[in-house]
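K.L.:
Below is the file structure_2.txt, with compact mmCIF, C-alpha atoms and all ligand atoms.
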```
# COMPACT_ATOMS: atom_id res chain seq x y z
CA MET A 19 -13.53 18.98 26.35
CA LYS A 20 -14.38 15.81 24.41
CA ARG A 21 -13.47 12.45 25.94
CA LEU A 22 -12.57 9.15 24.36
CA ASP A 23 -12.23 5.98 26.43
CA SER A 24 -10.81 2.99 24.67
CA GLU A 25 -8.96 -0.19 25.46
CA ILE A 26 -6.11 0.54 23.04
CA LEU A 27 -4.99 3.83 21.47
CA VAL A 28 -2.83 3.99 18.35
CA ILE A 29 -1.07 7.26 17.53
CA GLY A 30 -0.54 7.55 13.76
CA GLY A 31 -2.69 6.27 10.90
CA GLY A 32 0.10 5.34 8.50
CA ILE A 33 0.32 1.82 7.18
CA VAL A 34 1.85 0.52 10.43
CA GLY A 35 -0.68 2.05 12.83
CA SER A 36 -3.63 1.24 10.57
CA ALA A 37 -2.48 -2.37 10.12
CA ALA A 38 -2.10 -2.73 13.90
CA ALA A 39 -5.58 -1.28 14.48
CA LEU A 40 -7.05 -3.56 11.82
CA ALA A 41 -5.55 -6.68 13.43
CA LEU A 42 -6.71 -5.59 16.91
CA ALA A 43 -10.23 -4.73 15.74
CA ARG A 44 -10.47 -8.08 13.96
CA ALA A 45 -9.48 -9.73 17.24
CA GLY A 46 -12.49 -8.04 18.85
CA ARG A 47 -10.55 -5.40 20.80
CA ARG A 48 -11.72 -1.82 21.33
CA VAL A 49 -9.13 0.27 19.52
CA ALA A 50 -8.93 3.90 18.38
CA VAL A 51 -6.48 5.49 15.94
CA LEU A 52 -5.58 9.15 16.42
CA GLU A 53 -4.20 10.61 13.17
CA ARG A 54 -3.43 14.32 12.92
CA ASP A 55 -3.86 14.48 9.12
CA LEU A 56 -5.61 11.96 6.88
CA CYS A 57 -4.67 8.30 7.26
CA GLY A 58 -1.90 7.49 4.80
CA ALA A 59 -1.20 11.16 4.05
CA ARG A 60 2.45 10.91 5.07
CA SER A 61 5.19 8.45 4.06
CA SER A 62 2.75 5.56 3.81
CA GLY A 63 0.71 7.20 1.06
CA ILE A 64 3.36 9.10 -0.89
CA ASN A 65 6.23 6.63 -1.13
CA TYR A 66 7.73 5.10 -4.25
CA GLY A 67 5.50 2.03 -4.05
CA GLY A 68 8.24 -0.60 -4.00
CA VAL A 69 7.06 -3.81 -2.34
CA ARG A 70 10.43 -5.45 -2.13
CA ARG A 71 12.24 -7.88 0.14
CA GLN A 72 15.43 -8.00 -1.91
CA GLY A 73 18.17 -5.89 -0.34
CA ARG A 74 16.79 -5.95 3.21
CA ALA A 75 19.08 -6.78 6.12
CA ALA A 76 18.78 -10.43 7.20
CA VAL A 77 17.20 -9.43 10.54
CA GLN A 78 14.25 -7.95 8.64
CA LEU A 79 13.66 -10.91 6.36
CA PRO A 80 11.38 -12.97 8.66
CA LEU A 81 9.11 -9.93 9.04
CA ALA A 82 9.38 -9.16 5.31
CA GLN A 83 8.41 -12.76 4.50
CA ARG A 84 5.38 -12.45 6.71
CA ALA A 85 4.46 -9.21 4.97
CA HIS A 86 4.88 -11.01 1.65
CA HIS A 87 2.08 -13.41 2.67
CA ILE A 88 -0.13 -10.55 3.82
CA TRP A 89 0.33 -8.73 0.50
CA SER A 90 -0.81 -11.85 -1.37
CA GLY A 91 -4.19 -11.62 0.38
CA LEU A 92 -4.48 -7.84 0.17
CA ARG A 93 -7.89 -7.69 -1.52
CA GLU A 94 -9.48 -9.96 1.11
CA LEU A 95 -7.85 -7.95 3.90
CA ILE A 96 -8.47 -4.34 2.83
CA GLY A 97 -11.07 -4.65 0.06
CA ILE A 98 -8.93 -3.45 -2.89
CA ASP A 99 -5.93 -4.80 -4.75
CA GLY A 100 -4.17 -1.43 -4.49
CA GLU A 101 -2.59 -2.01 -7.92
CA TYR A 102 -0.34 -4.54 -6.21
CA VAL A 103 1.50 -6.68 -8.72
CA ARG A 104 4.27 -9.21 -8.25
CA SER A 105 6.21 -7.78 -11.16
CA GLY A 106 9.59 -8.86 -9.82
CA HIS A 107 12.28 -6.58 -8.39
CA PHE A 108 15.50 -6.47 -10.37
CA LYS A 109 18.77 -5.11 -9.04
CA LEU A 110 21.33 -4.15 -11.61
CA ALA A 111 25.12 -4.49 -11.30
CA ARG A 112 27.31 -2.07 -13.21
CA SER A 113 30.68 -3.45 -12.06
CA ALA A 114 32.22 -6.75 -11.04
CA ALA A 115 32.22 -5.57 -7.42
CA ASP A 116 28.47 -4.79 -7.65
CA MET A 117 27.83 -8.25 -9.08
CA GLN A 118 29.80 -9.85 -6.25
CA ALA A 119 27.68 -7.92 -3.75
CA LEU A 120 24.50 -9.22 -5.41
CA GLU A 121 25.83 -12.79 -5.39
CA ALA A 122 26.66 -12.48 -1.69
CA TYR A 123 23.16 -11.18 -0.96
CA ALA A 124 21.53 -14.01 -2.92
CA GLU A 125 23.50 -16.45 -0.75
CA LEU A 126 22.70 -14.66 2.52
CA SER A 127 18.98 -14.49 1.76
CA ARG A 128 18.67 -18.09 0.49
CA PRO A 129 17.47 -19.57 3.84
CA TYR A 130 14.58 -17.07 3.90
CA GLY A 131 13.09 -18.22 0.59
CA LEU A 132 13.36 -15.10 -1.59
CA ASP A 133 14.27 -17.30 -4.58
CA ILE A 134 16.65 -14.72 -6.02
CA GLU A 135 17.89 -15.52 -9.50
CA LEU A 136 21.25 -14.16 -10.74
CA ILE A 137 21.21 -13.04 -14.37
CA SER A 138 24.34 -12.54 -16.48
CA GLY A 139 25.03 -9.37 -18.46
CA GLU A 140 24.90 -11.33 -21.69
CA ARG A 141 21.43 -12.69 -20.95
CA LEU A 142 20.22 -9.24 -19.97
CA ARG A 143 21.45 -7.71 -23.21
CA ARG A 144 19.57 -10.44 -25.09
CA GLN A 145 16.35 -10.39 -23.04
CA CYS A 146 16.07 -6.71 -22.17
CA PRO A 147 16.57 -4.55 -25.27
CA TRP A 148 15.08 -1.63 -23.33
CA LEU A 149 18.05 -1.58 -20.92
CA GLY A 150 20.89 0.84 -21.69
CA GLY A 151 24.33 1.63 -20.25
CA ALA A 152 27.02 -0.66 -18.92
CA VAL A 153 25.46 -3.80 -17.42
CA MET A 154 27.46 -6.53 -15.68
CA GLY A 155 24.40 -8.51 -14.69
CA GLY A 156 21.90 -8.43 -11.89
CA SER A 157 19.62 -10.26 -9.49
CA LEU A 158 15.89 -10.79 -9.85
CA CYS A 159 13.55 -11.46 -6.95
CA PRO A 160 10.61 -12.66 -9.04
CA GLU A 161 7.87 -12.39 -6.40
CA ASP A 162 8.77 -8.91 -5.20
CA GLY A 163 6.59 -6.21 -6.67
CA GLN A 164 4.99 -2.82 -6.54
CA ALA A 165 1.73 -1.17 -5.49
CA ASN A 166 0.04 2.21 -5.35
CA PRO A 167 0.64 3.63 -1.86
CA ARG A 168 -2.09 6.26 -2.28
CA LEU A 169 -4.62 3.46 -2.57
CA VAL A 170 -3.17 0.85 -0.22
CA SER A 171 -2.41 2.83 2.95
CA PRO A 172 -5.74 4.68 3.36
CA ALA A 173 -7.49 1.38 2.60
CA PHE A 174 -5.85 -0.20 5.68
CA ALA A 175 -7.44 2.55 7.79
CA ARG A 176 -10.83 2.08 6.09
CA ALA A 177 -10.61 -1.67 6.71
CA ALA A 178 -9.81 -0.99 10.37
CA THR A 179 -12.92 1.21 10.59
CA ALA A 180 -15.03 -1.49 8.93
CA ALA A 181 -13.68 -4.01 11.46
CA GLY A 182 -14.84 -1.78 14.33
CA ALA A 183 -11.91 0.52 15.10
CA ALA A 184 -12.58 4.20 15.80
CA VAL A 185 -10.39 6.18 13.39
CA LEU A 186 -10.12 9.88 14.21
CA GLU A 187 -8.57 11.92 11.41
CA GLY A 188 -7.54 15.53 11.97
CA CYS A 189 -6.68 14.54 15.54
CA GLU A 190 -3.24 15.64 16.71
CA VAL A 191 -1.86 14.25 19.94
CA LEU A 192 -0.19 17.13 21.78
CA GLN A 193 0.76 15.44 25.03
CA ALA A 194 1.08 11.86 26.22
CA GLY A 195 1.51 10.50 29.72
CA HIS A 196 0.38 7.83 32.20
CA ASP A 197 -1.48 8.74 35.37
CA GLY A 198 -0.79 5.46 37.17
CA SER A 199 -3.94 3.74 35.98
CA ALA A 200 -4.15 4.55 32.26
CA PHE A 201 -2.48 6.37 29.39
CA VAL A 202 -3.80 9.90 29.04
CA LEU A 203 -3.47 11.73 25.73
CA GLU A 204 -4.27 15.41 25.27
CA ALA A 205 -5.24 16.04 21.65
CA ARG A 206 -7.08 18.45 19.35
CA HIS A 207 -9.81 17.04 17.15
CA GLY A 208 -12.00 19.14 14.84
CA GLY A 209 -10.86 22.34 16.57
CA GLN A 210 -11.79 21.01 20.02
CA ALA A 211 -9.73 19.66 22.91
CA LEU A 212 -9.94 15.89 23.29
CA GLN A 213 -8.74 13.73 26.17
CA ALA A 214 -8.23 10.07 25.29
CA ARG A 215 -7.60 7.31 27.85
CA ALA A 216 -6.68 3.66 27.46
CA ALA A 217 -4.76 0.85 29.15
CA VAL A 218 -2.57 0.27 26.07
CA LEU A 219 -0.83 2.80 23.83
CA ILE A 220 0.86 2.08 20.48
CA ASN A 221 3.23 4.70 19.11
CA CYS A 222 3.14 4.55 15.29
CA ALA A 223 3.83 8.22 14.68
CA GLY A 224 6.39 7.64 11.91
CA ALA A 225 9.19 10.20 11.70
CA TRP A 226 7.59 12.09 14.62
CA ALA A 227 7.47 9.10 17.00
CA GLY A 228 10.67 10.10 18.82
CA LYS A 229 8.89 12.92 20.63
CA LEU A 230 6.28 10.49 21.96
CA ALA A 231 8.93 7.98 23.02
CA ALA A 232 10.78 10.81 24.81
CA ALA A 233 7.60 11.62 26.76
CA PHE A 234 8.09 8.22 28.41
CA GLY A 235 11.81 8.70 29.05
CA GLU A 236 13.00 6.87 25.94
CA ASP A 237 15.31 9.04 23.88
CA VAL A 238 15.98 7.61 20.44
CA PRO A 239 18.45 9.13 17.98
CA MET A 240 15.85 9.67 15.22
CA THR A 241 16.76 11.58 12.11
CA SER A 242 14.65 12.22 9.04
CA GLY A 243 15.23 11.26 5.40
CA HIS A 244 13.65 12.83 2.29
CA PRO A 245 14.03 10.82 -0.92
CA SER A 246 13.45 12.72 -4.15
CA MET A 247 10.78 11.26 -6.42
CA ALA A 248 9.54 12.04 -9.93
CA VAL A 249 6.94 10.63 -12.28
CA THR A 250 6.76 10.88 -16.08
CA GLU A 251 3.85 11.26 -18.42
CA PRO A 252 2.45 7.88 -19.55
CA ILE A 253 4.37 6.13 -22.32
CA PRO A 254 3.91 2.71 -23.94
CA HIS A 255 4.63 -0.07 -21.52
CA PHE A 256 8.18 -1.46 -21.71
CA LEU A 257 9.49 -1.96 -18.15
CA PRO A 258 8.43 -5.30 -16.65
CA TRP A 259 10.20 -5.04 -13.27
CA SER A 260 10.64 -2.64 -10.45
CA LEU A 261 14.26 -1.74 -11.02
CA GLY A 262 17.05 -0.80 -8.63
CA VAL A 263 20.78 -0.39 -9.02
CA GLU A 264 23.33 -1.88 -6.62
CA GLY A 265 24.68 1.09 -4.69
CA GLY A 266 21.24 2.72 -4.82
CA SER A 267 21.66 5.78 -7.08
CA ILE A 268 18.35 5.34 -8.95
CA TYR A 269 15.22 3.18 -8.86
CA CYS A 270 12.23 3.11 -11.19
CA ARG A 271 9.04 1.26 -12.05
CA GLN A 272 6.33 1.64 -14.67
CA VAL A 273 2.70 1.54 -13.61
CA ALA A 274 -0.06 -0.07 -15.68
CA ARG A 275 -1.16 3.35 -17.02
CA GLY A 276 2.35 3.83 -18.47
CA ASN A 277 3.82 6.46 -16.13
CA VAL A 278 7.37 5.75 -14.96
CA VAL A 279 8.02 6.48 -11.29
CA LEU A 280 11.64 7.41 -10.53
CA GLY A 281 13.47 7.82 -7.25
CA GLY A 282 16.98 8.81 -6.25
CA GLY A 283 18.90 11.51 -4.42
CA ARG A 284 17.73 13.59 -1.52
CA GLY A 285 15.14 16.30 -1.16
CA TYR A 286 15.10 19.02 1.47
CA VAL A 287 12.87 19.94 4.39
CA LEU A 288 10.31 22.72 4.16
CA ASP A 289 9.45 22.51 7.86
CA ALA A 290 9.21 19.83 10.55
CA ASP A 291 6.39 18.08 8.69
CA ARG A 292 7.07 18.53 4.98
CA ALA A 293 9.81 17.97 2.41
CA ARG A 294 10.35 18.59 -1.30
CA ALA A 295 12.40 17.00 -4.04
CA SER A 296 15.48 19.17 -4.67
CA HIS A 297 16.23 20.52 -8.14
CA ASP A 298 19.77 19.15 -7.90
CA SER A 299 18.62 15.63 -7.16
CA ILE A 300 16.07 15.63 -10.00
CA LEU A 301 18.57 17.11 -12.44
CA GLY A 302 21.06 14.42 -11.36
CA LEU A 303 18.44 11.69 -11.69
CA LEU A 304 17.31 12.42 -15.24
CA PRO A 305 20.56 11.70 -17.17
CA GLN A 306 20.94 8.48 -15.18
CA ALA A 307 17.37 7.50 -16.00
CA VAL A 308 17.89 8.09 -19.73
CA GLU A 309 21.16 6.15 -19.68
CA LEU A 310 19.48 3.23 -17.90
CA LEU A 311 16.21 3.39 -19.87
CA PRO A 312 16.76 5.04 -23.28
CA ALA A 313 12.97 5.00 -23.86
CA LEU A 314 12.79 7.91 -21.38
CA ARG A 315 14.66 10.31 -23.70
CA HIS A 316 12.36 13.33 -24.43
CA VAL A 317 9.72 12.04 -22.00
CA GLN A 318 8.24 14.75 -19.74
CA ILE A 319 8.39 14.72 -15.96
CA ILE A 320 4.93 15.72 -14.75
CA ARG A 321 5.46 15.85 -10.98
CA THR A 322 8.15 15.65 -8.33
CA TRP A 323 7.75 15.15 -4.59
CA SER A 324 9.37 13.93 -1.42
CA GLY A 325 8.29 12.91 2.07
CA VAL A 326 9.51 12.60 5.64
CA GLU A 327 10.67 9.22 6.80
CA GLY A 328 12.18 8.34 10.18
CA TYR A 329 15.67 6.85 10.41
CA LEU A 330 17.52 5.25 13.27
CA PRO A 331 21.34 5.01 13.19
CA ASP A 332 21.45 1.27 12.45
CA ARG A 333 18.66 1.64 9.86
CA GLN A 334 16.45 -0.85 11.71
CA PRO A 335 13.04 0.12 13.07
CA VAL A 336 11.97 0.24 16.69
CA LEU A 337 9.31 -2.44 16.98
CA GLY A 338 8.30 -3.83 20.35
CA PRO A 339 7.43 -2.97 23.94
CA SER A 340 8.66 0.12 25.71
CA ALA A 341 11.58 -0.41 28.08
CA THR A 342 10.20 2.11 30.57
CA GLN A 343 6.39 1.93 30.56
CA ALA A 344 4.22 -1.18 30.77
CA GLY A 345 1.40 -1.17 28.20
CA LEU A 346 3.32 1.05 25.75
CA PHE A 347 4.46 -0.36 22.38
CA HIS A 348 6.47 1.30 19.65
CA GLY A 349 6.46 0.74 15.88
CA PHE A 350 8.41 3.42 14.02
CA GLY A 351 11.64 4.29 12.21
CA PHE A 352 11.16 2.08 9.16
CA CYS A 353 13.57 4.21 7.11
CA GLY A 354 13.06 3.92 3.36
CA ALA A 355 11.45 0.52 3.47
CA GLY A 356 8.37 0.45 5.70
CA PHE A 357 5.71 0.19 3.00
CA GLN A 358 6.41 -3.46 2.21
CA ILE A 359 6.98 -4.49 5.81
CA GLY A 360 4.34 -2.21 7.39
CA PRO A 361 1.41 -4.66 7.31
CA ALA A 362 3.50 -7.31 9.12
CA ALA A 363 4.85 -4.75 11.59
CA GLY A 364 1.25 -3.80 12.43
CA GLU A 365 0.26 -7.41 12.95
CA ALA A 366 3.32 -8.03 15.14
CA LEU A 367 2.36 -5.05 17.32
CA ALA A 368 -1.16 -6.45 17.65
CA GLU A 369 0.28 -9.83 18.71
CA LEU A 370 2.43 -8.17 21.36
CA VAL A 371 -0.68 -6.48 22.76
CA LEU A 372 -2.84 -9.61 22.57
CA ARG A 373 -0.35 -12.33 23.55
CA ALA A 374 2.78 -10.50 24.75
CA ARG A 375 4.83 -12.12 21.99
CA SER A 376 5.05 -12.48 18.24
CA PRO A 377 6.19 -15.56 16.32
CA VAL A 378 8.41 -13.24 14.27
CA PRO A 379 11.80 -12.47 15.90
CA LEU A 380 11.83 -8.82 16.97
CA ASP A 381 14.85 -8.64 19.30
CA ALA A 382 16.95 -6.66 16.79
CA PHE A 383 14.30 -3.93 16.85
CA SER A 384 14.19 -3.40 20.62
CA ILE A 385 14.19 0.22 21.76
CA SER A 386 16.61 -0.68 24.54
CA ARG A 387 19.45 -1.00 22.00
CA PHE A 388 19.74 2.78 22.17
CA ASN A 389 20.59 2.86 25.83
CA ALA A 390 24.15 2.03 24.77
CA VAL A 391 24.08 4.56 21.93
CA ALA A 392 23.74 7.51 24.25
CA ALA A 393 26.85 6.32 26.11
CA ASP A 394 28.88 5.74 22.92
CA ALA A 395 27.56 7.80 20.02
CA SER A 396 30.73 7.08 18.01
CA SER A 397 29.67 3.44 17.53
CA HIS A 398 27.06 4.68 15.00
CA PRO A 399 28.93 6.68 12.39
CA LEU A 400 25.86 7.66 10.32
CA VAL A 401 25.73 11.44 10.11
CA PRO A 402 22.20 12.65 10.84
CA GLU A 403 20.57 14.57 8.00
CA ARG A 404 18.39 16.44 10.42
CA LYS A 405 17.45 15.81 13.98
CA ILE A 406 13.69 15.57 14.52
CA SER A 407 12.90 18.43 16.87
C1 LIG B 501 9.45 9.36 -0.81
C2 LIG B 501 9.46 8.04 -0.07
C3 LIG B 501 9.65 6.85 -0.78
C4 LIG B 501 9.61 5.62 -0.12
N1 LIG B 501 9.63 4.46 -0.85
C5 LIG B 501 9.39 3.27 -0.24
C6 LIG B 501 9.29 2.08 -1.00
O1 LIG B 501 9.37 2.10 -2.22
N2 LIG B 501 9.08 0.91 -0.35
C7 LIG B 501 9.00 0.84 1.00
O2 LIG B 501 8.83 -0.27 1.54
N3 LIG B 501 9.05 1.96 1.76
C8 LIG B 501 9.25 3.17 1.17
N4 LIG B 501 9.31 4.32 1.91
C9 LIG B 501 9.23 4.23 3.37
C10 LIG B 501 7.80 4.01 3.84
O3 LIG B 501 6.91 4.88 3.17
C11 LIG B 501 7.73 4.25 5.36
O4 LIG B 501 8.75 3.49 6.00
C12 LIG B 501 6.38 3.80 5.91
O5 LIG B 501 5.32 4.38 5.19
C13 LIG B 501 6.29 4.19 7.36
O6 LIG B 501 4.95 3.98 7.79
P1 LIG B 501 4.49 4.52 9.19
O7 LIG B 501 3.08 4.12 9.39
O8 LIG B 501 5.50 4.11 10.22
O9 LIG B 501 4.69 6.12 9.08
P2 LIG B 501 3.80 7.28 8.40
O10 LIG B 501 3.20 6.88 7.13
O11 LIG B 501 4.67 8.51 8.43
O12 LIG B 501 2.63 7.44 9.44
C14 LIG B 501 2.81 8.05 10.69
C15 LIG B 501 1.57 8.88 10.94
O13 LIG B 501 1.62 9.41 12.26
C16 LIG B 501 0.95 10.65 12.23
N5 LIG B 501 1.36 11.43 13.41
C17 LIG B 501 2.61 11.87 13.72
N6 LIG B 501 2.59 12.54 14.88
C18 LIG B 501 1.29 12.54 15.30
C19 LIG B 501 0.63 13.09 16.44
N7 LIG B 501 1.30 13.79 17.37
N8 LIG B 501 -0.72 12.92 16.56
C20 LIG B 501 -1.40 12.20 15.63
N9 LIG B 501 -0.82 11.66 14.53
C21 LIG B 501 0.51 11.83 14.37
C22 LIG B 501 1.42 11.27 10.92
O14 LIG B 501 0.54 12.30 10.48
C23 LIG B 501 1.45 10.06 9.99
O15 LIG B 501 0.27 9.93 9.22
C24 LIG B 501 9.41 5.58 1.29
C25 LIG B 501 9.25 6.77 2.00
C26 LIG B 501 9.26 7.99 1.34
C27 LIG B 501 9.06 9.26 2.12
```
Could the structure of this file be written out as structure tokens, please?
Ligand SMILES: Cc1cc2nc3c(=O)[nH]c(=O)nc-3n(C[C@H](O)[C@H](O)[C@H](O)COP(=O)(O)OP(=O)(O)OC[C@H]3O[C@@H](n4cnc5c(N)ncnc54)[C@H](O)[C@@H]3O)c2cc1C
P.N.:
Amino acid sequence: MKRLDSEILVIGGGIVGSAAALALARAGRRVAVLERDLCGARSSGINYGGVRRQGRAAVQLPLAQRAHHIWSGLRELIGIDGEYVRSGHFKLARSAADMQALEAYAELSRPYGLDIELISGERLRRQCPWLGGAVMGGSLCPEDGQANPRLVSPAFARAATAAGAAVLEGCEVLQAGHDGSAFVLEARHGGQALQARAAVLINCAGAWAGKLAAAFGEDVPMTSGHPSMAVTEPIPHFLPWSLGVEGGSIYCRQVARGNVVLGGGRGYVLDADRARASHDSILGLLPQAVELLPALRHVQIIRTWSGVEGYLPDRQPVLGPSATQAGLFHGFGFCGAGFQIGPAAGEALAELVLRARSPVPLDAFSISRFNAVAADASSHPLVPERKIS
């Protein structure tokens, strides 16, 4: 059996775990990441690529603002720009009620500095000849943007390695426990058994993190979500913003090469680890896309996909120390919005390890909020799509 002794172990090499390892390695700590696949192979590398603060719950905005600063220095941090552009994120209103919701959000988010600008339907019709369908107006967050997740997320893991972290890919953690003096993980790496030990353990296992939390007596009501995604062949550039619609039925962005990335509707699970876009969701998405962006008529879809993301009933992540085991920290359950916030979540986890606190308020993300859930499941009416086994 192989052995690995470290100061800190991180389970999961998605954007959150890799960002945490990077921050810890840069602080001079001995840290190892155990990733069962390739780093960034799951949600972090296959998501839509929206780097948006607009639309987030107020409790997430301090963390999202911090992430916003990190994204601005991405090249210095991870060595590539990851096709990150501050294109603006525009949310469209199709009814007066939608517009009111956008106005209310602009007001709510004002103290956090998102600088959201409300745009009337008349101005949109004048300025955006590429926009089709009924448009009441919308809200633009000019410094929100988009990036290529396939480039960005693995680059966080490479930067962590360059900073001194040990990153073990193809290393699945099968069992986790604490023997009274250290965390002990039983894993398989390169076809061989591996035992890893450390004083600190960070659980960044994404949609699969619930099983690890349960190993330490913390049951969280995790479910999984599977957004359907599609991408078109490249066409001449016409779409300046990353675009969403109030109510959330469709979102789209155009990359520099000309392909339009579309998201909306739900996919289905293939097994515990994989999901696919459903035919129904893609067939529902396409007429909406053409109505919204007439330039997409007759354009070919070249690929569809989905992924597995972890949801908690209140749609907030778990980010902070364990309530049952000293030295254990959790960072998971980022729902459909962990790509933007992931780098800041990783840094916050590193701060908790290094200094036992983070300047960013994390109370709303405490794992202990689910103690009450077990007693009163009816207080969270969200119907689970699928329980993570
Ligand atoms: C299709 C799709 C579109 C999305 N669009 C956006 C978007 O536009 N903007 C946005 O902000 N967010 C988006 N998201 C959400 C975002 O991708 C996730 O919230 C974020 O990537 C979560 O990062 P993570 O590091 O927590 O999880 P992951 O990327 O899932 O990483 C967790 C890692 O843990 C590993 N792991 C699990 N169990 C073990 C184990 N036992 N041993 C070792 N390793 C293990 C997994 O292999 C995985 O690599 C989208 C998600 C999907 C699926």
K.L.:
Which is closest to Gly208 in chain A among A:Ser24, A:Val278, A:Glu53, A:Leu380, if we use only C-alpha atoms?
P.N.:
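Between A:Ser24, A:Val278, A:Glu53, A:Leu380, the residue approaching Gly208 in chain A most closely is A:Glu53.
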K.L.:
Using only C-alpha atoms and all ligand atoms, what table do you get, as a Markdown table, when you list each residue of chain A with an atom no more than 6 Å from ligand LIG 501 (chain B), its nearest pair of atoms, and their distance in Å rounded to one decimal, rows by chain then rising number?
P.N.:
```
| residue | atom | partner | partner_atom | distance |
| --- | --- | --- | --- | --- |
| A:Ile29 | CA | B:LIG501 | C20 | 5.3 |
| A:Gly30 | CA | B:LIG501 | O13 | 3.2 |
| A:Gly31 | CA | B:LIG501 | C15 | 5.0 |
| A:Gly32 | CA | B:LIG501 | O7 | 3.3 |
| A:Ile33 | CA | B:LIG501 | O7 | 4.2 |
| A:Val34 | CA | B:LIG501 | O7 | 3.9 |
| A:Gly35 | CA | B:LIG501 | O7 | 5.5 |
| A:Leu52 | CA | B:LIG501 | C20 | 5.2 |
| A:Glu53 | CA | B:LIG501 | N9 | 3.8 |
| A:Arg54 | CA | B:LIG501 | C20 | 4.0 |
| A:Asp55 | CA | B:LIG501 | O14 | 5.1 |
| A:Cys57 | CA | B:LIG501 | O15 | 5.6 |
| A:Gly58 | CA | B:LIG501 | O15 | 5.5 |
| A:Ala59 | CA | B:LIG501 | O15 | 5.5 |
| A:Arg60 | CA | B:LIG501 | O10 | 4.6 |
| A:Ser61 | CA | B:LIG501 | O10 | 4.0 |
| A:Ser62 | CA | B:LIG501 | O5 | 3.1 |
| A:Asn65 | CA | B:LIG501 | C3 | 3.4 |
| A:Tyr66 | CA | B:LIG501 | N1 | 3.9 |
| A:Gly67 | CA | B:LIG501 | O1 | 4.3 |
| A:Gly68 | CA | B:LIG501 | O1 | 3.4 |
| A:Val69 | CA | B:LIG501 | N2 | 5.5 |
| A:Cys189 | CA | B:LIG501 | C20 | 5.8 |
| A:Glu190 | CA | B:LIG501 | N8 | 3.7 |
| A:Val191 | CA | B:LIG501 | N8 | 3.8 |
| A:Leu192 | CA | B:LIG501 | N7 | 5.7 |
| A:Cys222 | CA | B:LIG501 | O8 | 5.6 |
| A:Ala223 | CA | B:LIG501 | O13 | 3.5 |
| A:Gly224 | CA | B:LIG501 | O9 | 3.6 |
| A:Ala225 | CA | B:LIG501 | O11 | 5.8 |
| A:Trp226 | CA | B:LIG501 | N6 | 5.0 |
| A:His244 | CA | B:LIG501 | C27 | 5.8 |
| A:Pro245 | CA | B:LIG501 | C1 | 4.8 |
| A:Ser324 | CA | B:LIG501 | C1 | 4.6 |
| A:Gly325 | CA | B:LIG501 | C27 | 3.7 |
| A:Val326 | CA | B:LIG501 | C27 | 4.9 |
| A:Glu327 | CA | B:LIG501 | C27 | 4.9 |
| A:Phe350 | CA | B:LIG501 | O8 | 4.8 |
| A:Phe352 | CA | B:LIG501 | O4 | 4.2 |
| A:Cys353 | CA | B:LIG501 | O4 | 5.0 |
| A:Gly354 | CA | B:LIG501 | C9 | 3.8 |
| A:Ala355 | CA | B:LIG501 | N3 | 3.3 |
| A:Gly356 | CA | B:LIG501 | O4 | 3.1 |
| A:Phe357 | CA | B:LIG501 | O2 | 3.5 |
| A:Gln358 | CA | B:LIG501 | O2 | 4.1 |
```
K.L.:
Using only C-alpha atoms, pick whichever of A:Ala152, A:Thr342, A:Gly243, A:His316 has the shortest atom-to-atom distance to Ala295 in chain A.
P.N.:
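When distances to Ala295 in chain A are compared using only C-alpha atoms, the smallest one comes from A:Gly243.
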K.L.:
Skip range 79-94 of chain A itself and residues of its chain fewer than 2 positions away, then list as a short mmCIF file (atom, residue, chain, number, x, y, z; two decimals) with C-alpha atoms, in the frame of the given file all residues within 8 Å of it, counting all atoms listed in the file.
P.N.:
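For reference, around_13.cif as written:
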```
data_model
loop_
_atom_site.label_atom_id
_atom_site.label_comp_id
_atom_site.auth_asym_id
_atom_site.auth_seq_id
_atom_site.Cartn_x
_atom_site.Cartn_y
_atom_site.Cartn_z
CA ARG A 71 12.24 -7.88 0.14
CA ARG A 74 16.79 -5.95 3.21
CA ALA A 75 19.08 -6.78 6.12
CA ALA A 76 18.78 -10.43 7.20
CA VAL A 77 17.20 -9.43 10.54
CA ILE A 96 -8.47 -4.34 2.83
CA GLY A 97 -11.07 -4.65 0.06
CA ILE A 98 -8.93 -3.45 -2.89
CA ASP A 99 -5.93 -4.80 -4.75
CA GLY A 100 -4.17 -1.43 -4.49
CA TYR A 102 -0.34 -4.54 -6.21
CA SER A 127 18.98 -14.49 1.76
CA TYR A 130 14.58 -17.07 3.90
CA GLN A 358 6.41 -3.46 2.21
CA ILE A 359 6.98 -4.49 5.81
CA GLY A 360 4.34 -2.21 7.39
CA PRO A 361 1.41 -4.66 7.31
CA ALA A 362 3.50 -7.31 9.12
CA ALA A 363 4.85 -4.75 11.59
CA VAL A 378 8.41 -13.24 14.27
CA PRO A 379 11.80 -12.47 15.90
#
```
K.L.:
Have a look at A:Asp197, A:Asp381, A:Asp116, A:Asp133 and name the one nearest to Asp162 in chain A; count only C-alpha atoms.
P.N.:
A:Asp133
K.L.:
Using only C-alpha atoms, find the one residue out of A:Ala248, A:Phe383, A:Pro335, A:Leu370 that sits nearest to Gly302 in chain A.
P.N.:
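Of A:Ala248, A:Phe383, A:Pro335, A:Leu370, the one nearest Gly302 in chain A is A:Ala248, counting only C-alpha atoms.
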K.L.:
How many Å lie between CA of Met19 in chain A and CA of Leu212 in chain A, rounded to one decimal?
P.N.:
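The value is 5.6 Å.
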K.L.:
Considering only C-alpha atoms, can you say which of A:Ala41, A:Val317, A:Leu158, A:Val308 comes closest to Glu135 in chain A?
P.N.:
A:Leu158
